[in-house]
$ cat protein08.txt   # compact mmCIF, C-alpha atoms
# COMPACT_ATOMS: atom_id res chain seq x y z
CA MET A 1 42.63 9.99 16.70
CA PRO A 2 43.18 12.07 19.84
CA ARG A 3 42.77 10.32 23.18
CA SER A 4 40.00 12.74 24.11
CA VAL A 5 37.88 11.54 21.17
CA SER A 6 38.20 7.89 22.22
CA VAL A 7 37.36 8.82 25.81
CA ILE A 8 34.23 10.70 24.69
CA ILE A 9 33.17 7.74 22.54
CA VAL A 10 33.61 5.34 25.46
CA VAL A 11 31.66 7.59 27.85
CA LEU A 12 28.80 8.00 25.34
CA LEU A 13 28.62 4.27 24.54
CA VAL A 14 28.67 3.23 28.19
CA GLY A 15 26.08 5.89 28.96
CA PHE A 16 23.85 4.51 26.20
CA VAL A 17 24.14 0.92 27.41
CA ASP A 18 23.61 1.94 31.03
CA VAL A 19 20.49 3.99 30.29
CA ARG A 20 19.07 1.21 28.12
CA TYR A 21 19.75 -1.49 30.72
CA CYS A 22 18.21 0.61 33.48
CA GLN A 23 15.11 1.16 31.28
CA LEU A 24 14.85 -2.61 30.84
CA ILE A 25 15.11 -3.09 34.62
CA LEU A 26 12.47 -0.46 35.40
CA SER A 27 10.08 -1.85 32.77
CA ASP A 28 10.46 -5.43 34.12
CA ALA A 29 11.93 -6.63 30.81
CA VAL A 30 14.99 -7.99 32.64
CA HIS A 31 15.31 -9.19 36.22
CA PRO A 32 18.94 -9.04 37.38
CA THR A 33 19.66 -10.07 40.95
CA ILE A 34 21.05 -7.52 43.36
CA ALA A 35 23.55 -10.10 44.64
CA THR A 36 25.20 -10.43 41.23
CA TRP A 37 25.51 -6.67 40.91
CA ILE A 38 26.96 -6.38 44.42
CA VAL A 39 29.71 -8.73 43.23
CA PHE A 40 30.32 -6.63 40.09
CA GLU A 41 30.24 -3.40 42.12
CA VAL A 42 32.83 -4.71 44.57
CA ALA A 43 35.04 -6.05 41.76
CA VAL A 44 35.11 -2.89 39.61
CA ILE A 45 35.74 -0.70 42.67
CA LEU A 46 38.54 -3.03 43.81
CA SER A 47 39.96 -2.95 40.29
CA ILE A 48 40.07 0.86 40.11
CA ALA A 49 41.37 1.15 43.69
CA THR A 50 44.27 -1.24 43.11
CA TYR A 51 44.98 0.45 39.75
CA LEU A 52 45.06 3.95 41.28
CA ALA A 53 47.51 2.71 43.92
CA THR A 54 50.09 1.85 41.23
CA LYS A 55 52.75 4.35 40.16
CA LYS A 56 51.49 4.61 36.58
CA HIS A 57 47.80 5.37 36.73
CA SER A 58 45.39 7.63 34.89
CA LEU A 59 41.61 7.66 34.87
CA VAL A 60 41.79 8.58 31.17
CA ASP A 61 44.20 5.78 30.22
CA ASN A 62 41.96 3.30 32.06
CA ILE A 63 38.70 4.86 30.87
CA ALA A 64 37.02 1.44 30.67
CA ASN A 65 37.44 0.83 34.41
CA THR A 66 36.67 4.46 35.24
CA VAL A 67 33.28 4.44 33.51
CA ASP A 68 32.53 0.89 34.69
CA VAL A 69 32.60 2.09 38.29
CA ILE A 70 29.98 4.75 37.51
CA ALA A 71 27.89 2.53 35.23
CA THR A 72 27.85 -0.40 37.66
CA SER A 73 26.87 1.91 40.52
CA ILE A 74 23.94 3.28 38.48
CA VAL A 75 22.69 -0.21 37.59
CA PHE A 76 23.11 -1.33 41.20
CA ALA A 77 21.12 1.70 42.43
CA THR A 78 18.40 1.06 39.82
CA ILE A 79 18.00 -2.57 40.90
CA ALA A 80 17.94 -1.52 44.57
CA TYR A 81 15.30 1.13 43.81
CA LYS A 82 13.15 -1.29 41.80
CA ASN A 83 13.48 -4.43 43.91
CA GLY A 84 14.99 -3.39 47.22
CA LEU A 85 18.24 -4.60 48.73
CA THR A 86 17.08 -8.04 49.80
CA SER A 87 18.47 -10.90 47.80
CA ARG A 88 19.61 -14.42 48.34
CA PHE A 89 23.26 -14.90 47.64
CA SER A 90 24.08 -18.03 45.69
CA THR A 91 27.10 -20.11 46.61
CA PHE A 92 28.78 -18.65 43.53
CA ASP A 93 28.06 -15.06 44.67
CA MET A 94 29.47 -15.84 48.12
CA LEU A 95 32.61 -17.38 46.62
CA CYS A 96 33.13 -14.28 44.45
CA LEU A 97 32.72 -11.98 47.45
CA CYS A 98 35.14 -14.15 49.44
CA GLY A 99 37.55 -13.90 46.51
CA ALA A 100 37.23 -10.11 46.57
CA GLY A 101 37.84 -10.17 50.32
CA ALA A 102 40.94 -12.35 49.90
CA ILE A 103 42.30 -10.03 47.19
CA THR A 104 41.67 -7.00 49.41
CA LEU A 105 43.39 -8.67 52.36
CA PHE A 106 46.37 -9.58 50.17
CA TRP A 107 46.52 -6.05 48.76
CA VAL A 108 46.30 -4.30 52.13
CA SER A 109 48.81 -6.58 53.82
CA CYS A 110 51.36 -6.95 51.00
CA LYS A 111 50.93 -3.61 49.14
CA ARG A 112 51.35 -5.46 45.84
CA HIS A 113 49.06 -3.23 43.81
CA THR A 114 49.70 -4.74 40.38
CA ALA A 115 49.27 -8.33 41.58
CA ALA A 116 46.03 -7.39 43.36
CA ASN A 117 44.77 -5.66 40.22
CA MET A 118 45.54 -8.70 38.06
CA ALA A 119 43.79 -10.97 40.57
CA THR A 120 40.77 -8.68 40.36
CA GLN A 121 40.72 -9.10 36.57
CA LEU A 122 40.53 -12.87 37.12
CA LEU A 123 37.65 -12.29 39.54
CA LEU A 124 35.85 -10.22 36.89
CA ILE A 125 36.32 -13.06 34.38
CA VAL A 126 34.86 -15.49 36.91
CA GLY A 127 31.91 -13.09 37.27
CA TYR A 128 30.96 -13.82 33.66
CA LEU A 129 30.72 -17.58 34.23
CA PRO A 130 26.99 -17.65 35.15
CA THR A 131 26.14 -15.77 31.94
CA ILE A 132 28.41 -18.04 29.89
CA ARG A 133 26.89 -21.14 31.50
CA THR A 134 23.36 -19.91 30.78
CA LEU A 135 24.22 -19.19 27.15
CA TRP A 136 25.94 -22.56 26.76
CA THR A 137 23.04 -24.57 28.16
CA SER A 138 20.09 -22.48 26.95
CA GLY A 139 18.20 -23.04 23.74
CA VAL A 140 16.93 -19.46 23.81
CA ASN A 141 19.07 -16.33 23.75
CA PRO A 142 18.22 -14.25 26.85
CA GLU A 143 20.71 -11.49 26.02
CA SER A 144 20.69 -8.44 23.73
CA PHE A 145 23.02 -8.34 20.72
CA ALA A 146 22.80 -4.54 20.71
CA VAL A 147 23.87 -4.20 24.33
CA TRP A 148 26.70 -6.73 24.12
CA GLY A 149 27.80 -5.36 20.75
CA VAL A 150 28.14 -1.90 22.28
CA VAL A 151 30.00 -3.40 25.26
CA LEU A 152 32.50 -4.97 22.84
CA ILE A 153 32.92 -1.76 20.81
CA THR A 154 33.41 0.21 24.03
CA ALA A 155 36.12 -2.17 25.23
CA ILE A 156 37.92 -1.98 21.87
CA VAL A 157 37.75 1.83 21.73
CA SER A 158 38.96 2.07 25.35
CA LEU A 159 42.09 0.16 24.33
CA TYR A 160 43.26 3.16 22.31
CA PRO A 161 44.16 5.52 25.19
CA ALA A 162 45.57 2.58 27.18
CA ILE A 163 47.85 1.45 24.34
CA ARG A 164 48.83 4.98 23.44
CA ALA A 165 49.93 5.60 27.03
CA LYS A 166 51.57 2.15 27.22
CA ASN A 167 49.59 1.60 30.41
CA ARG A 168 49.78 -2.14 30.97
CA LEU A 169 47.02 -2.50 33.58
CA ALA A 170 44.63 -0.34 31.55
CA ILE A 171 45.37 -2.52 28.52
CA VAL A 172 44.67 -5.66 30.57
CA TYR A 173 41.35 -4.27 31.84
CA ALA A 174 40.11 -3.28 28.37
CA THR A 175 41.37 -6.51 26.77
CA ARG A 176 39.66 -8.61 29.45
CA ALA A 177 36.41 -6.73 28.84
CA ALA A 178 36.70 -7.18 25.06
CA VAL A 179 37.45 -10.91 25.30
CA SER A 180 34.60 -11.47 27.78
CA ALA A 181 32.11 -9.60 25.57
CA THR A 182 33.32 -11.52 22.51
CA VAL A 183 32.76 -14.87 24.26
CA VAL A 184 29.24 -13.81 25.23
CA LEU A 185 28.47 -12.64 21.68
CA VAL A 186 29.82 -15.85 20.13
CA LEU A 187 27.67 -17.95 22.46
CA MET A 188 24.63 -15.80 21.64
CA LEU A 189 25.30 -16.26 17.93
CA ARG A 190 25.68 -20.00 18.47
CA ILE A 191 22.17 -20.13 19.99
CA GLU A 192 20.71 -18.10 17.13
CA LEU A 193 22.34 -20.29 14.47
CA TRP A 194 21.53 -23.62 16.11
CA SER A 195 17.96 -22.75 17.03
CA HIS A 196 16.95 -22.22 13.37
$ encode --input "protein08.txt" --output "structure tokens"
Amino acid sequence: MPRSVSVIIVVLLVGFVDVRYCQLILSDAVHPTIATWIVFEVAVILSIATYLATKKHSLVDNIANTVDVIATSIVFATIAYKNGLTSRFSTFDMLCLCGAGAITLFWVSCKRHTAANMATQLLLIVGYLPTIRTLWTSGVNPESFAVWGVVLITAIVSLYPAIRAKNRLAIVYATRAAVSATVVLVLMLRIELWSH
């Protein structure tokens, strides 16, 4: 399969998920907090910035991160349009933003692009913890199998150009996304199986 085909598939899948999620936001079916999406916005931008500062970088090889920047920005703008920019930051949100600030400070002062990128991947994993906690403690599944299934497929497909180019940071980004989505899906399935 040519790289261009995998890139087109990723762009279309992310576009589908983004449009669907924004529809859910605008119809009041879901109520994400702006603070959480500020954290994700900062993290994906920091991830792509540190990645682009490395010697071996390509927006195509790291298509997952590339489209995440656009998709996250669209969701963030949709939430801001629907609910405004006011939001209370939880302690967790503040810790994540402080983590992003610490990574940025380290990156700017030490110029260790790869290390800063890897630290950002850890921050993105931490960003999933509230969702994982909710799914672990909830008796009802608040998430969509369709959306998370597409997120997983997108991450897996985005591995193709990264592996083909032997682009280590792009592989890490896509793998992290795939593992995170898999954990969420497994926890969703656990709720569905145990609640019946």
$ residues_around --input "protein08.txt" --residues "Gly84 in chain A" --least-positions-apart "4" --cutoff "9 Å" --atoms "all atoms listed in the file" --output "ChimeraX atom specification"
/A:34,79-80
$ atom_distance --input "protein08.txt" --atom1 "CA of Ile132 in chain A" --atom2 "CA of Trp37 in chain A"
16.1 Å
$ residues_around --input "protein08.txt" --residues "Asn117 in chain A" --least-positions-apart "5" --cutoff "8 Å" --atoms "all atoms listed in the file" --output "PyMOL selection string"
chain A and resi 46-47+50-51+169
$ residues_near_point --input "protein08.txt" --point "(19.8, -6.5, 49.2)" --cutoff "12 Å" --atoms "only C-alpha atoms" --output "VMD selection string"
chain A and resid 33 to 39 76 to 77 79 to 89
$ atom_distance --input "protein08.txt" --atom1 "CA of Ala178 in chain A" --atom2 "CA of Ile156 in chain A"
6.2 Å
$ residues_near_point --input "protein08.txt" --point "(47.4, 4.1, 40.4)" --cutoff "12 Å" --atoms "only C-alpha atoms" --output "CSV table (one decimal) with C-alpha atoms, keeping the file's coordinate frame"
chain,number,residue,atom,x,y,z
A,46,LEU,CA,38.5,-3.0,43.8
A,47,SER,CA,40.0,-3.0,40.3
A,48,ILE,CA,40.1,0.9,40.1
A,49,ALA,CA,41.4,1.2,43.7
A,50,THR,CA,44.3,-1.2,43.1
A,51,TYR,CA,45.0,0.4,39.8
A,52,LEU,CA,45.1,4.0,41.3
A,53,ALA,CA,47.5,2.7,43.9
A,54,THR,CA,50.1,1.8,41.2
A,55,LYS,CA,52.8,4.4,40.2
A,56,LYS,CA,51.5,4.6,36.6
A,57,HIS,CA,47.8,5.4,36.7
A,58,SER,CA,45.4,7.6,34.9
A,59,LEU,CA,41.6,7.7,34.9
A,60,VAL,CA,41.8,8.6,31.2
A,61,ASP,CA,44.2,5.8,30.2
A,62,ASN,CA,42.0,3.3,32.1
A,66,THR,CA,36.7,4.5,35.2
A,112,ARG,CA,51.4,-5.5,45.8
A,113,HIS,CA,49.1,-3.2,43.8
A,114,THR,CA,49.7,-4.7,40.4
A,116,ALA,CA,46.0,-7.4,43.4
A,117,ASN,CA,44.8,-5.7,40.2
A,167,ASN,CA,49.6,1.6,30.4
A,168,ARG,CA,49.8,-2.1,31.0
A,169,LEU,CA,47.0,-2.5,33.6
A,170,ALA,CA,44.6,-0.3,31.6
$ atom_distance --input "protein08.txt" --atom1 "CA of Arg133 in chain A" --atom2 "CA of Leu159 in chain A"
27.1 Å
$ closest_residue --input "protein08.txt" --among "A:Ile103, A:Met188, A:Ile171, A:Leu122" --to "Thr134 in chain A" --atoms "only C-alpha atoms"
A:Met188
$ residues_around --input "protein08.txt" --residues "Ile74 in chain A" --least-positions-apart "2" --cutoff "12 Å" --atoms "all atoms listed in the file" --output "PDB file with C-alpha atoms, in the coordinates of the input"
ATOM      1  CA  VAL A  14      28.670   3.230  28.190  1.00  0.00           C
ATOM      2  CA  GLY A  15      26.080   5.890  28.960  1.00  0.00           C
ATOM      3  CA  VAL A  17      24.140   0.920  27.410  1.00  0.00           C
ATOM      4  CA  ASP A  18      23.610   1.940  31.030  1.00  0.00           C
ATOM      5  CA  VAL A  19      20.490   3.990  30.290  1.00  0.00           C
ATOM      6  CA  ARG A  20      19.070   1.210  28.120  1.00  0.00           C
ATOM      7  CA  TYR A  21      19.750  -1.490  30.720  1.00  0.00           C
ATOM      8  CA  CYS A  22      18.210   0.610  33.480  1.00  0.00           C
ATOM      9  CA  GLN A  23      15.110   1.160  31.280  1.00  0.00           C
ATOM     10  CA  ILE A  25      15.110  -3.090  34.620  1.00  0.00           C
ATOM     11  CA  TRP A  37      25.510  -6.670  40.910  1.00  0.00           C
ATOM     12  CA  ILE A  38      26.960  -6.380  44.420  1.00  0.00           C
ATOM     13  CA  PHE A  40      30.320  -6.630  40.090  1.00  0.00           C
ATOM     14  CA  GLU A  41      30.240  -3.400  42.120  1.00  0.00           C
ATOM     15  CA  VAL A  67      33.280   4.440  33.510  1.00  0.00           C
ATOM     16  CA  ASP A  68      32.530   0.890  34.690  1.00  0.00           C
ATOM     17  CA  VAL A  69      32.600   2.090  38.290  1.00  0.00           C
ATOM     18  CA  ILE A  70      29.980   4.750  37.510  1.00  0.00           C
ATOM     19  CA  ALA A  71      27.890   2.530  35.230  1.00  0.00           C
ATOM     20  CA  THR A  72      27.850  -0.400  37.660  1.00  0.00           C
ATOM     21  CA  PHE A  76      23.110  -1.330  41.200  1.00  0.00           C
ATOM     22  CA  ALA A  77      21.120   1.700  42.430  1.00  0.00           C
ATOM     23  CA  THR A  78      18.400   1.060  39.820  1.00  0.00           C
ATOM     24  CA  ILE A  79      18.000  -2.570  40.900  1.00  0.00           C
ATOM     25  CA  ALA A  80      17.940  -1.520  44.570  1.00  0.00           C
ATOM     26  CA  TYR A  81      15.300   1.130  43.810  1.00  0.00           C
TER      27      TYR A  81
END
$ closest_residue --input "protein08.txt" --among "A:Ile9, A:Leu95, A:Val75, A:Ile63" --to "Pro32 in chain A" --atoms "all atoms listed in the file"
A:Val75
